[in-house]
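S.K.: What follows is structure_21.txt; its format and atoms are compact mmCIF, N, CA and C atoms and all ligand atoms.
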```txt
# COMPACT_ATOMS: atom_id res chain seq x y z
N MET A 1 21.10 -10.63 35.78
CA MET A 1 21.08 -10.31 34.36
C MET A 1 19.88 -9.40 34.06
N GLU A 2 20.09 -8.37 33.25
CA GLU A 2 19.06 -7.39 32.95
C GLU A 2 18.37 -7.69 31.62
N ASN A 3 17.13 -7.28 31.51
CA ASN A 3 16.37 -7.40 30.26
C ASN A 3 15.93 -6.02 29.82
N ARG A 4 15.56 -5.91 28.55
CA ARG A 4 14.99 -4.66 28.05
C ARG A 4 13.50 -4.89 27.83
N CYS A 5 12.69 -4.01 28.39
CA CYS A 5 11.23 -4.14 28.31
C CYS A 5 10.78 -3.99 26.86
N ARG A 6 9.91 -4.87 26.42
CA ARG A 6 9.41 -4.82 25.03
C ARG A 6 8.46 -3.65 24.81
N HIS A 7 7.93 -3.09 25.89
CA HIS A 7 6.98 -1.98 25.72
C HIS A 7 7.66 -0.63 25.89
N CYS A 8 8.29 -0.40 27.04
CA CYS A 8 8.89 0.92 27.30
C CYS A 8 10.36 0.98 26.90
N HIS A 9 10.97 -0.15 26.61
CA HIS A 9 12.37 -0.27 26.17
C HIS A 9 13.37 0.12 27.25
N ASN A 10 12.91 0.23 28.49
CA ASN A 10 13.84 0.48 29.60
C ASN A 10 14.44 -0.85 30.04
N ILE A 11 15.64 -0.74 30.64
CA ILE A 11 16.28 -1.94 31.17
C ILE A 11 15.72 -2.21 32.56
N PHE A 12 15.44 -3.48 32.85
CA PHE A 12 14.88 -3.84 34.15
C PHE A 12 15.50 -5.14 34.64
N LEU A 13 15.39 -5.34 35.94
CA LEU A 13 15.84 -6.59 36.54
C LEU A 13 14.67 -7.56 36.56
N PRO A 14 14.76 -8.67 35.85
CA PRO A 14 13.61 -9.60 35.82
C PRO A 14 13.45 -10.33 37.15
N ASN A 15 12.21 -10.66 37.40
CA ASN A 15 11.87 -11.48 38.57
C ASN A 15 12.41 -12.89 38.31
N ARG A 16 13.16 -13.40 39.25
CA ARG A 16 13.79 -14.71 39.00
C ARG A 16 12.79 -15.85 38.92
N TRP A 17 11.55 -15.62 39.34
CA TRP A 17 10.53 -16.67 39.29
C TRP A 17 9.75 -16.65 37.98
N ILE A 18 9.98 -15.64 37.16
CA ILE A 18 9.27 -15.55 35.88
C ILE A 18 10.25 -15.87 34.76
N LYS A 19 9.98 -16.97 34.08
CA LYS A 19 10.88 -17.41 33.01
C LYS A 19 10.73 -16.51 31.79
N ASP A 20 11.83 -16.08 31.22
CA ASP A 20 11.85 -15.25 30.01
C ASP A 20 10.99 -14.00 30.13
N GLN A 21 11.09 -13.30 31.24
CA GLN A 21 10.28 -12.09 31.44
C GLN A 21 10.69 -11.03 30.42
N GLN A 22 9.71 -10.53 29.67
CA GLN A 22 10.00 -9.57 28.60
C GLN A 22 9.46 -8.18 28.87
N TYR A 23 8.66 -8.04 29.93
CA TYR A 23 8.06 -6.74 30.26
C TYR A 23 8.44 -6.37 31.68
N CYS A 24 8.69 -5.09 31.92
CA CYS A 24 9.00 -4.64 33.27
C CYS A 24 7.72 -4.62 34.11
N ARG A 25 7.81 -4.17 35.36
CA ARG A 25 6.66 -4.21 36.27
C ARG A 25 5.76 -2.99 36.15
N HIS A 26 6.14 -2.03 35.34
CA HIS A 26 5.34 -0.81 35.23
C HIS A 26 3.92 -1.17 34.77
N PRO A 27 2.89 -0.60 35.39
CA PRO A 27 1.51 -0.96 35.04
C PRO A 27 1.19 -0.80 33.55
N LYS A 28 1.73 0.25 32.91
CA LYS A 28 1.46 0.41 31.48
C LYS A 28 2.05 -0.73 30.67
N CYS A 29 3.21 -1.19 31.07
CA CYS A 29 3.86 -2.29 30.35
C CYS A 29 3.13 -3.61 30.60
N GLN A 30 2.68 -3.80 31.84
CA GLN A 30 1.91 -5.00 32.13
C GLN A 30 0.58 -5.00 31.38
N LYS A 31 -0.01 -3.83 31.24
CA LYS A 31 -1.26 -3.71 30.48
C LYS A 31 -1.01 -4.04 29.01
N ALA A 32 0.12 -3.57 28.47
CA ALA A 32 0.47 -3.87 27.07
C ALA A 32 0.72 -5.36 26.89
N ARG A 33 1.39 -5.97 27.88
CA ARG A 33 1.66 -7.41 27.81
C ARG A 33 0.36 -8.19 27.80
N LYS A 34 -0.55 -7.81 28.67
CA LYS A 34 -1.83 -8.53 28.74
C LYS A 34 -2.65 -8.32 27.46
N ALA A 35 -2.62 -7.10 26.94
CA ALA A 35 -3.37 -6.82 25.71
C ALA A 35 -2.85 -7.66 24.56
N LEU A 36 -1.53 -7.79 24.46
CA LEU A 36 -0.94 -8.62 23.40
C LEU A 36 -1.32 -10.08 23.58
N TRP A 37 -1.24 -10.55 24.85
CA TRP A 37 -1.61 -11.93 25.14
C TRP A 37 -3.06 -12.18 24.74
N GLN A 38 -3.94 -11.24 25.11
CA GLN A 38 -5.36 -11.41 24.82
C GLN A 38 -5.63 -11.39 23.32
N LYS A 39 -4.93 -10.52 22.61
CA LYS A 39 -5.09 -10.45 21.15
C LYS A 39 -4.70 -11.78 20.51
N GLN A 40 -3.58 -12.34 20.96
CA GLN A 40 -3.15 -13.63 20.42
C GLN A 40 -4.11 -14.74 20.80
N LYS A 41 -4.60 -14.70 22.03
CA LYS A 41 -5.54 -15.72 22.50
C LYS A 41 -6.85 -15.67 21.70
N MET A 42 -7.30 -14.47 21.39
CA MET A 42 -8.53 -14.32 20.61
C MET A 42 -8.38 -14.94 19.22
N HIS A 43 -7.18 -14.86 18.65
CA HIS A 43 -6.95 -15.45 17.33
C HIS A 43 -6.80 -16.96 17.39
N GLN A 44 -6.24 -17.46 18.50
CA GLN A 44 -5.88 -18.88 18.57
C GLN A 44 -6.94 -19.76 19.22
N ASP A 45 -7.78 -19.18 20.08
CA ASP A 45 -8.69 -20.00 20.89
C ASP A 45 -10.15 -19.57 20.65
N PRO A 46 -10.88 -20.31 19.81
CA PRO A 46 -12.27 -19.92 19.52
C PRO A 46 -13.17 -19.96 20.75
N ASP A 47 -12.91 -20.86 21.71
CA ASP A 47 -13.72 -20.90 22.94
C ASP A 47 -13.51 -19.64 23.76
N TYR A 48 -12.25 -19.23 23.88
CA TYR A 48 -11.95 -18.01 24.62
C TYR A 48 -12.63 -16.82 23.96
N LYS A 49 -12.55 -16.77 22.63
CA LYS A 49 -13.16 -15.67 21.88
C LYS A 49 -14.68 -15.63 22.11
N ALA A 50 -15.33 -16.80 22.09
CA ALA A 50 -16.78 -16.87 22.31
C ALA A 50 -17.14 -16.43 23.73
N ASN A 51 -16.32 -16.86 24.70
CA ASN A 51 -16.56 -16.44 26.09
C ASN A 51 -16.40 -14.94 26.26
N GLN A 52 -15.40 -14.38 25.62
CA GLN A 52 -15.18 -12.94 25.69
C GLN A 52 -16.37 -12.19 25.09
N LYS A 53 -16.85 -12.70 23.96
CA LYS A 53 -17.98 -12.06 23.30
C LYS A 53 -19.22 -12.12 24.18
N ASP A 54 -19.49 -13.29 24.78
CA ASP A 54 -20.64 -13.43 25.69
C ASP A 54 -20.51 -12.48 26.87
N SER A 55 -19.32 -12.43 27.43
CA SER A 55 -19.08 -11.57 28.57
C SER A 55 -19.31 -10.11 28.21
N TRP A 56 -18.80 -9.70 27.06
CA TRP A 56 -18.96 -8.32 26.61
C TRP A 56 -20.44 -8.00 26.37
N GLU A 57 -21.17 -8.93 25.77
CA GLU A 57 -22.59 -8.69 25.50
C GLU A 57 -23.39 -8.62 26.80
N ASN A 58 -23.06 -9.47 27.76
CA ASN A 58 -23.74 -9.40 29.07
C ASN A 58 -23.47 -8.07 29.75
N TRP A 59 -22.23 -7.63 29.69
CA TRP A 59 -21.88 -6.33 30.29
C TRP A 59 -22.67 -5.21 29.61
N ARG A 60 -22.74 -5.30 28.28
CA ARG A 60 -23.46 -4.27 27.50
C ARG A 60 -24.95 -4.22 27.88
N LYS A 61 -25.54 -5.40 28.13
CA LYS A 61 -26.95 -5.44 28.54
C LYS A 61 -27.14 -4.83 29.92
N ARG A 62 -26.17 -5.03 30.80
CA ARG A 62 -26.25 -4.45 32.16
C ARG A 62 -25.98 -2.95 32.15
N ASN A 63 -25.26 -2.47 31.12
CA ASN A 63 -24.88 -1.04 31.04
C ASN A 63 -25.29 -0.46 29.69
N PRO A 64 -26.60 -0.42 29.42
CA PRO A 64 -27.05 -0.03 28.07
C PRO A 64 -26.71 1.41 27.68
N ASP A 65 -26.56 2.29 28.65
CA ASP A 65 -26.30 3.70 28.31
C ASP A 65 -24.83 4.08 28.41
N TYR A 66 -23.95 3.13 28.66
CA TYR A 66 -22.55 3.46 28.88
C TYR A 66 -21.94 4.23 27.71
N TRP A 67 -22.04 3.70 26.50
CA TRP A 67 -21.40 4.34 25.35
C TRP A 67 -22.07 5.65 24.98
N LYS A 68 -23.39 5.71 25.15
CA LYS A 68 -24.10 6.96 24.89
C LYS A 68 -23.58 8.05 25.84
N ASN A 69 -23.45 7.72 27.12
CA ASN A 69 -22.94 8.67 28.10
C ASN A 69 -21.46 9.00 27.84
N TYR A 70 -20.70 7.98 27.48
CA TYR A 70 -19.27 8.20 27.22
C TYR A 70 -19.08 9.19 26.07
N ARG A 71 -19.86 9.00 25.01
CA ARG A 71 -19.74 9.91 23.85
C ARG A 71 -20.15 11.33 24.22
N GLN A 72 -21.15 11.46 25.07
CA GLN A 72 -21.59 12.80 25.50
C GLN A 72 -20.54 13.48 26.35
N GLN A 73 -19.79 12.70 27.11
CA GLN A 73 -18.79 13.27 28.03
C GLN A 73 -17.41 13.42 27.39
N HIS A 74 -17.16 12.75 26.27
CA HIS A 74 -15.85 12.79 25.63
C HIS A 74 -16.02 13.23 24.18
N LEU A 75 -16.12 14.53 23.98
CA LEU A 75 -16.40 15.04 22.63
C LEU A 75 -15.23 14.80 21.67
N GLN A 76 -14.00 14.79 22.18
CA GLN A 76 -12.86 14.51 21.30
C GLN A 76 -12.96 13.10 20.73
N TYR A 77 -13.38 12.16 21.57
CA TYR A 77 -13.58 10.78 21.14
C TYR A 77 -14.61 10.73 20.01
N LEU A 78 -15.69 11.49 20.21
CA LEU A 78 -16.77 11.53 19.22
C LEU A 78 -16.25 12.10 17.89
N GLU A 79 -15.51 13.22 17.96
CA GLU A 79 -14.98 13.84 16.74
C GLU A 79 -14.00 12.91 16.04
N ARG A 80 -13.16 12.25 16.82
CA ARG A 80 -12.17 11.33 16.24
C ARG A 80 -12.88 10.18 15.53
N ASN A 81 -13.92 9.63 16.16
CA ASN A 81 -14.67 8.54 15.53
C ASN A 81 -15.33 8.98 14.24
N ARG A 82 -15.88 10.19 14.26
CA ARG A 82 -16.51 10.70 13.04
C ARG A 82 -15.49 10.84 11.92
N LEU A 83 -14.30 11.34 12.27
CA LEU A 83 -13.25 11.50 11.28
C LEU A 83 -12.80 10.14 10.74
N LEU A 84 -12.62 9.17 11.64
CA LEU A 84 -12.20 7.84 11.20
C LEU A 84 -13.28 7.18 10.35
N GLN A 85 -14.55 7.44 10.67
CA GLN A 85 -15.63 6.89 9.85
C GLN A 85 -15.59 7.48 8.45
N ARG A 86 -15.26 8.77 8.37
CA ARG A 86 -15.14 9.40 7.06
C ARG A 86 -13.98 8.80 6.27
N VAL A 87 -12.89 8.45 6.98
CA VAL A 87 -11.77 7.78 6.30
C VAL A 87 -12.23 6.44 5.77
N ARG A 88 -12.96 5.68 6.60
CA ARG A 88 -13.46 4.37 6.15
C ARG A 88 -14.40 4.53 4.96
N ASN A 89 -15.25 5.53 5.03
CA ASN A 89 -16.17 5.78 3.92
C ASN A 89 -15.40 6.10 2.64
N SER A 90 -14.35 6.91 2.78
CA SER A 90 -13.59 7.27 1.58
C SER A 90 -12.85 6.07 1.03
N LYS A 91 -12.36 5.17 1.91
CA LYS A 91 -11.70 3.95 1.44
C LYS A 91 -12.69 3.09 0.67
N ARG A 92 -13.90 2.96 1.22
CA ARG A 92 -14.94 2.20 0.53
C ARG A 92 -15.22 2.80 -0.84
N CYS A 93 -15.23 4.10 -0.88
CA CYS A 93 -15.49 4.81 -2.12
C CYS A 93 -14.39 4.50 -3.13
N PHE A 94 -13.11 4.55 -2.67
CA PHE A 94 -12.00 4.27 -3.56
C PHE A 94 -12.01 2.81 -4.00
N ALA A 95 -12.38 1.90 -3.10
CA ALA A 95 -12.45 0.48 -3.43
C ALA A 95 -13.49 0.26 -4.51
N GLY A 96 -14.57 1.03 -4.46
CA GLY A 96 -15.62 0.91 -5.45
C GLY A 96 -15.15 1.33 -6.83
N ILE A 97 -14.22 2.26 -6.88
CA ILE A 97 -13.72 2.74 -8.17
C ILE A 97 -13.06 1.62 -8.95
N ALA A 98 -12.33 0.77 -8.26
CA ALA A 98 -11.59 -0.30 -8.94
C ALA A 98 -12.52 -1.26 -9.67
N LYS A 99 -13.73 -1.40 -9.15
CA LYS A 99 -14.66 -2.33 -9.77
C LYS A 99 -15.51 -1.64 -10.85
N MET A 100 -15.50 -0.32 -10.84
CA MET A 100 -16.33 0.40 -11.79
C MET A 100 -15.44 0.96 -12.91
N ASP A 101 -16.00 1.79 -13.70
CA ASP A 101 -15.25 2.47 -14.73
C ASP A 101 -14.20 3.36 -14.06
N THR A 102 -12.93 3.14 -14.35
CA THR A 102 -11.87 3.86 -13.65
C THR A 102 -11.83 5.33 -14.01
N LEU A 103 -12.49 5.71 -15.09
CA LEU A 103 -12.47 7.12 -15.46
C LEU A 103 -13.54 7.92 -14.73
N THR A 104 -14.46 7.24 -14.08
CA THR A 104 -15.54 7.92 -13.38
C THR A 104 -15.24 8.01 -11.88
N PRO A 105 -14.92 9.20 -11.39
CA PRO A 105 -14.69 9.31 -9.95
C PRO A 105 -16.00 9.18 -9.19
N CYS A 106 -15.94 8.67 -7.96
CA CYS A 106 -17.18 8.51 -7.20
C CYS A 106 -17.59 9.82 -6.55
N PHE A 107 -16.70 10.78 -6.45
CA PHE A 107 -17.09 12.10 -5.99
C PHE A 107 -16.10 13.11 -6.55
N SER A 108 -16.49 14.33 -6.59
CA SER A 108 -15.60 15.38 -7.07
C SER A 108 -15.15 16.22 -5.88
N TYR A 109 -14.05 16.92 -6.04
CA TYR A 109 -13.54 17.76 -4.97
C TYR A 109 -14.09 19.16 -5.15
N LYS A 110 -14.60 19.68 -4.09
CA LYS A 110 -15.10 21.05 -4.12
C LYS A 110 -14.14 21.91 -3.31
N PRO A 111 -14.01 23.19 -3.67
CA PRO A 111 -13.18 24.07 -2.86
C PRO A 111 -13.73 24.14 -1.44
N GLY A 112 -12.85 24.12 -0.47
CA GLY A 112 -13.30 24.20 0.91
C GLY A 112 -12.21 23.76 1.86
N LEU A 113 -12.56 23.61 3.09
CA LEU A 113 -11.63 23.21 4.14
C LEU A 113 -11.65 21.69 4.28
N TYR A 114 -10.48 21.04 4.17
CA TYR A 114 -10.38 19.59 4.27
C TYR A 114 -9.39 19.21 5.36
N THR A 115 -9.56 18.02 5.88
CA THR A 115 -8.62 17.47 6.84
C THR A 115 -7.84 16.36 6.16
N LEU A 116 -6.50 16.43 6.21
CA LEU A 116 -5.67 15.39 5.61
C LEU A 116 -5.34 14.37 6.68
N VAL A 117 -5.59 13.10 6.39
CA VAL A 117 -5.34 12.02 7.35
C VAL A 117 -4.40 11.01 6.70
N PRO A 118 -3.15 10.87 7.24
CA PRO A 118 -2.25 9.88 6.65
C PRO A 118 -2.69 8.46 6.99
N SER A 119 -2.34 7.52 6.15
CA SER A 119 -2.65 6.13 6.39
C SER A 119 -1.72 5.63 7.49
N ILE A 120 -2.28 5.28 8.64
CA ILE A 120 -1.49 4.92 9.82
C ILE A 120 -0.70 3.64 9.59
N ALA A 121 -1.25 2.70 8.86
CA ALA A 121 -0.61 1.40 8.69
C ALA A 121 0.71 1.49 7.94
N LYS A 122 0.91 2.54 7.18
CA LYS A 122 2.13 2.62 6.37
C LYS A 122 2.90 3.89 6.71
N MET A 123 3.09 4.16 7.99
CA MET A 123 3.77 5.37 8.41
C MET A 123 5.22 5.40 7.92
N ASP A 124 5.85 4.24 7.74
CA ASP A 124 7.24 4.22 7.35
C ASP A 124 7.44 4.19 5.83
N ALA A 125 6.37 4.07 5.11
CA ALA A 125 6.49 4.02 3.65
C ALA A 125 6.83 5.41 3.11
N LEU A 126 7.55 5.44 2.01
CA LEU A 126 7.92 6.73 1.43
C LEU A 126 6.72 7.43 0.84
N ALA A 127 5.89 6.68 0.14
CA ALA A 127 4.68 7.27 -0.44
C ALA A 127 3.52 7.04 0.52
N GLN A 128 2.88 8.10 0.91
CA GLN A 128 1.76 7.99 1.83
C GLN A 128 0.44 8.09 1.07
N LYS A 129 -0.51 7.30 1.49
CA LYS A 129 -1.86 7.48 0.99
C LYS A 129 -2.47 8.63 1.78
N VAL A 130 -3.11 9.53 1.11
CA VAL A 130 -3.77 10.63 1.80
C VAL A 130 -5.23 10.63 1.37
N PHE A 131 -6.10 10.54 2.34
CA PHE A 131 -7.52 10.57 2.07
C PHE A 131 -8.03 11.98 2.31
N ILE A 132 -8.76 12.49 1.39
CA ILE A 132 -9.30 13.84 1.54
C ILE A 132 -10.68 13.73 2.13
N ILE A 133 -10.79 14.29 3.33
CA ILE A 133 -12.03 14.19 4.10
C ILE A 133 -12.58 15.60 4.26
N PRO A 134 -13.82 15.82 3.90
CA PRO A 134 -14.39 17.15 4.11
C PRO A 134 -14.35 17.52 5.59
N ALA A 135 -14.08 18.78 5.88
CA ALA A 135 -14.03 19.23 7.27
C ALA A 135 -15.39 19.05 7.92
N LEU A 136 -15.38 18.83 9.22
CA LEU A 136 -16.62 18.64 9.96
C LEU A 136 -17.40 19.95 9.97
N THR A 137 -18.68 19.82 9.85
CA THR A 137 -19.54 20.99 9.92
C THR A 137 -20.28 20.96 11.23
N SER A 138 -20.97 22.04 11.51
CA SER A 138 -21.70 22.10 12.77
C SER A 138 -23.02 21.34 12.71
N LYS A 139 -23.48 21.01 11.50
CA LYS A 139 -24.75 20.31 11.37
C LYS A 139 -24.54 18.81 11.54
N ALA A 140 -25.25 18.20 12.44
CA ALA A 140 -25.12 16.77 12.67
C ALA A 140 -25.53 15.97 11.45
N SER A 141 -26.51 16.46 10.70
CA SER A 141 -26.97 15.71 9.53
C SER A 141 -25.87 15.63 8.47
N ASP A 142 -25.05 16.68 8.34
CA ASP A 142 -23.94 16.65 7.39
C ASP A 142 -22.92 15.60 7.79
N CYS A 143 -22.67 15.47 9.09
CA CYS A 143 -21.70 14.49 9.57
C CYS A 143 -22.16 13.08 9.25
N LYS A 144 -23.44 12.83 9.38
CA LYS A 144 -23.96 11.49 9.13
C LYS A 144 -23.85 11.13 7.66
N ARG A 145 -24.05 12.11 6.80
CA ARG A 145 -24.02 11.81 5.38
C ARG A 145 -22.59 11.62 4.86
N GLY A 146 -21.60 12.27 5.49
CA GLY A 146 -20.21 12.09 5.13
C GLY A 146 -19.94 12.44 3.69
N LEU A 147 -19.24 11.58 3.00
CA LEU A 147 -18.79 11.87 1.65
C LEU A 147 -19.89 11.73 0.62
N ASP A 148 -21.00 11.14 1.01
CA ASP A 148 -22.08 10.96 0.04
C ASP A 148 -22.60 12.27 -0.52
N ARG A 149 -22.45 13.34 0.27
CA ARG A 149 -23.03 14.61 -0.15
C ARG A 149 -22.15 15.34 -1.16
N LEU A 150 -20.93 14.87 -1.39
CA LEU A 150 -20.03 15.57 -2.32
C LEU A 150 -20.41 15.29 -3.76
ZN ZN A 201 8.35 -1.39 30.61
```
Please rewrite the model in this file as structure tokens.
Ligand SMILES: [Zn+2]
M.R.:
Amino acid sequence: MENRCRHCHNIFLPNRWIKDQQYCRHPKCQKARKALWQKQKMHQDPDYKANQKDSWENWRKRNPDYWKNYRQQHLQYLERNRLLQRVRNSKRCFAGIAKMDTLTPCFSYKPGLYTLVPSIAKMDALAQKVFIIPALTSKASDCKRGLDRL
């Protein structure tokens, strides 16, 4: 009897020793299966979560320059993170509006180059939230300030 993989959606022959096998043997699918298992375990098992946190912190202490080096070697990762941080900043800004006077915007739009970022969580919704993020500049100080400078 064949099953359909929950990750790649291909049909596969399950291993007869694995009860209710839902993922094929492909490494990407096995990685997805493990990631889902770990995500669920982190929510359900506080001891597991604490052990994972300790393990991660110990690794971080042994490899203090890992992320600094990673960011230097992966500029796309760095740019993506900066863009996502700007999205988070703009969400915070919009959240602040609800608590303040609704007629007072927290920033004004200036003419210029902007990046439109759709809200990923609601990709199937008819109406999309669009956050207006100022385009990245070459000055690092501008990137750090984000939307505050508008
Ligand atoms: Zn698969």
S.K.: Show me which residues are within 8 Å of ligand ZN 201 (chain A) counting all atoms listed in the file, and format the list as a list in words.
M.R.: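 Residues lying within 8 Å of ligand ZN 201 (chain A): Arg4, Cys5, Arg6, His7, Cys8, His9, Asn10, Ile11, Phe12, Gln22, Tyr23, Cys24, Arg25, His26, Pro27, Lys28, Cys29 and Gln30 of chain A.
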S.K.: Include N, CA and C atoms and write out the residues we just selected as an mmCIF file, keeping the file's coordinate frame.
M.R.:
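Writing done, so here's out19.cif:
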```
data_model
loop_
_atom_site.group_PDB
_atom_site.id
_atom_site.type_symbol
_atom_site.label_atom_id
_atom_site.label_comp_id
_atom_site.auth_asym_id
_atom_site.auth_seq_id
_atom_site.Cartn_x
_atom_site.Cartn_y
_atom_site.Cartn_z
ATOM 1 N N ARG A 4 15.560 -5.910 28.550
ATOM 2 C CA ARG A 4 14.990 -4.660 28.050
ATOM 3 C C ARG A 4 13.500 -4.890 27.830
ATOM 4 N N CYS A 5 12.690 -4.010 28.390
ATOM 5 C CA CYS A 5 11.230 -4.140 28.310
ATOM 6 C C CYS A 5 10.780 -3.990 26.860
ATOM 7 N N ARG A 6 9.910 -4.870 26.420
ATOM 8 C CA ARG A 6 9.410 -4.820 25.030
ATOM 9 C C ARG A 6 8.460 -3.650 24.810
ATOM 10 N N HIS A 7 7.930 -3.090 25.890
ATOM 11 C CA HIS A 7 6.980 -1.980 25.720
ATOM 12 C C HIS A 7 7.660 -0.630 25.890
ATOM 13 N N CYS A 8 8.290 -0.400 27.040
ATOM 14 C CA CYS A 8 8.890 0.920 27.300
ATOM 15 C C CYS A 8 10.360 0.980 26.900
ATOM 16 N N HIS A 9 10.970 -0.150 26.610
ATOM 17 C CA HIS A 9 12.370 -0.270 26.170
ATOM 18 C C HIS A 9 13.370 0.120 27.250
ATOM 19 N N ASN A 10 12.910 0.230 28.490
ATOM 20 C CA ASN A 10 13.840 0.480 29.600
ATOM 21 C C ASN A 10 14.440 -0.850 30.040
ATOM 22 N N ILE A 11 15.640 -0.740 30.640
ATOM 23 C CA ILE A 11 16.280 -1.940 31.170
ATOM 24 C C ILE A 11 15.720 -2.210 32.560
ATOM 25 N N PHE A 12 15.440 -3.480 32.850
ATOM 26 C CA PHE A 12 14.880 -3.840 34.150
ATOM 27 C C PHE A 12 15.500 -5.140 34.640
ATOM 28 N N GLN A 22 9.710 -10.530 29.670
ATOM 29 C CA GLN A 22 10.000 -9.570 28.600
ATOM 30 C C GLN A 22 9.460 -8.180 28.870
ATOM 31 N N TYR A 23 8.660 -8.040 29.930
ATOM 32 C CA TYR A 23 8.060 -6.740 30.260
ATOM 33 C C TYR A 23 8.440 -6.370 31.680
ATOM 34 N N CYS A 24 8.690 -5.090 31.920
ATOM 35 C CA CYS A 24 9.000 -4.640 33.270
ATOM 36 C C CYS A 24 7.720 -4.620 34.110
ATOM 37 N N ARG A 25 7.810 -4.170 35.360
ATOM 38 C CA ARG A 25 6.660 -4.210 36.270
ATOM 39 C C ARG A 25 5.760 -2.990 36.150
ATOM 40 N N HIS A 26 6.140 -2.030 35.340
ATOM 41 C CA HIS A 26 5.340 -0.810 35.230
ATOM 42 C C HIS A 26 3.920 -1.170 34.770
ATOM 43 N N PRO A 27 2.890 -0.600 35.390
ATOM 44 C CA PRO A 27 1.510 -0.960 35.040
ATOM 45 C C PRO A 27 1.190 -0.800 33.550
ATOM 46 N N LYS A 28 1.730 0.250 32.910
ATOM 47 C CA LYS A 28 1.460 0.410 31.480
ATOM 48 C C LYS A 28 2.050 -0.730 30.670
ATOM 49 N N CYS A 29 3.210 -1.190 31.070
ATOM 50 C CA CYS A 29 3.860 -2.290 30.350
ATOM 51 C C CYS A 29 3.130 -3.610 30.600
ATOM 52 N N GLN A 30 2.680 -3.800 31.840
ATOM 53 C CA GLN A 30 1.910 -5.000 32.130
ATOM 54 C C GLN A 30 0.580 -5.000 31.380
#
```
S.K.: Provide the atom CA of A:Asn51 to atom CA of A:Asp65 distance in Å, to one decimal place.
M.R.: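 A separation of 22.5 Å between them.
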S.K.: Find the distance between atom CA of A:Asp45 and atom C of A:Asn63 and write it in Å to one decimal.
M.R.: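 If I compute the distance from atom CA of A:Asp45 to atom C of A:Asn63, I get 27.1 Å.
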S.K.: Calculate how many Å separate atom C of A:Ile18 from atom N of A:Ala35, rounding to one decimal.
M.R.: 17.4 Å
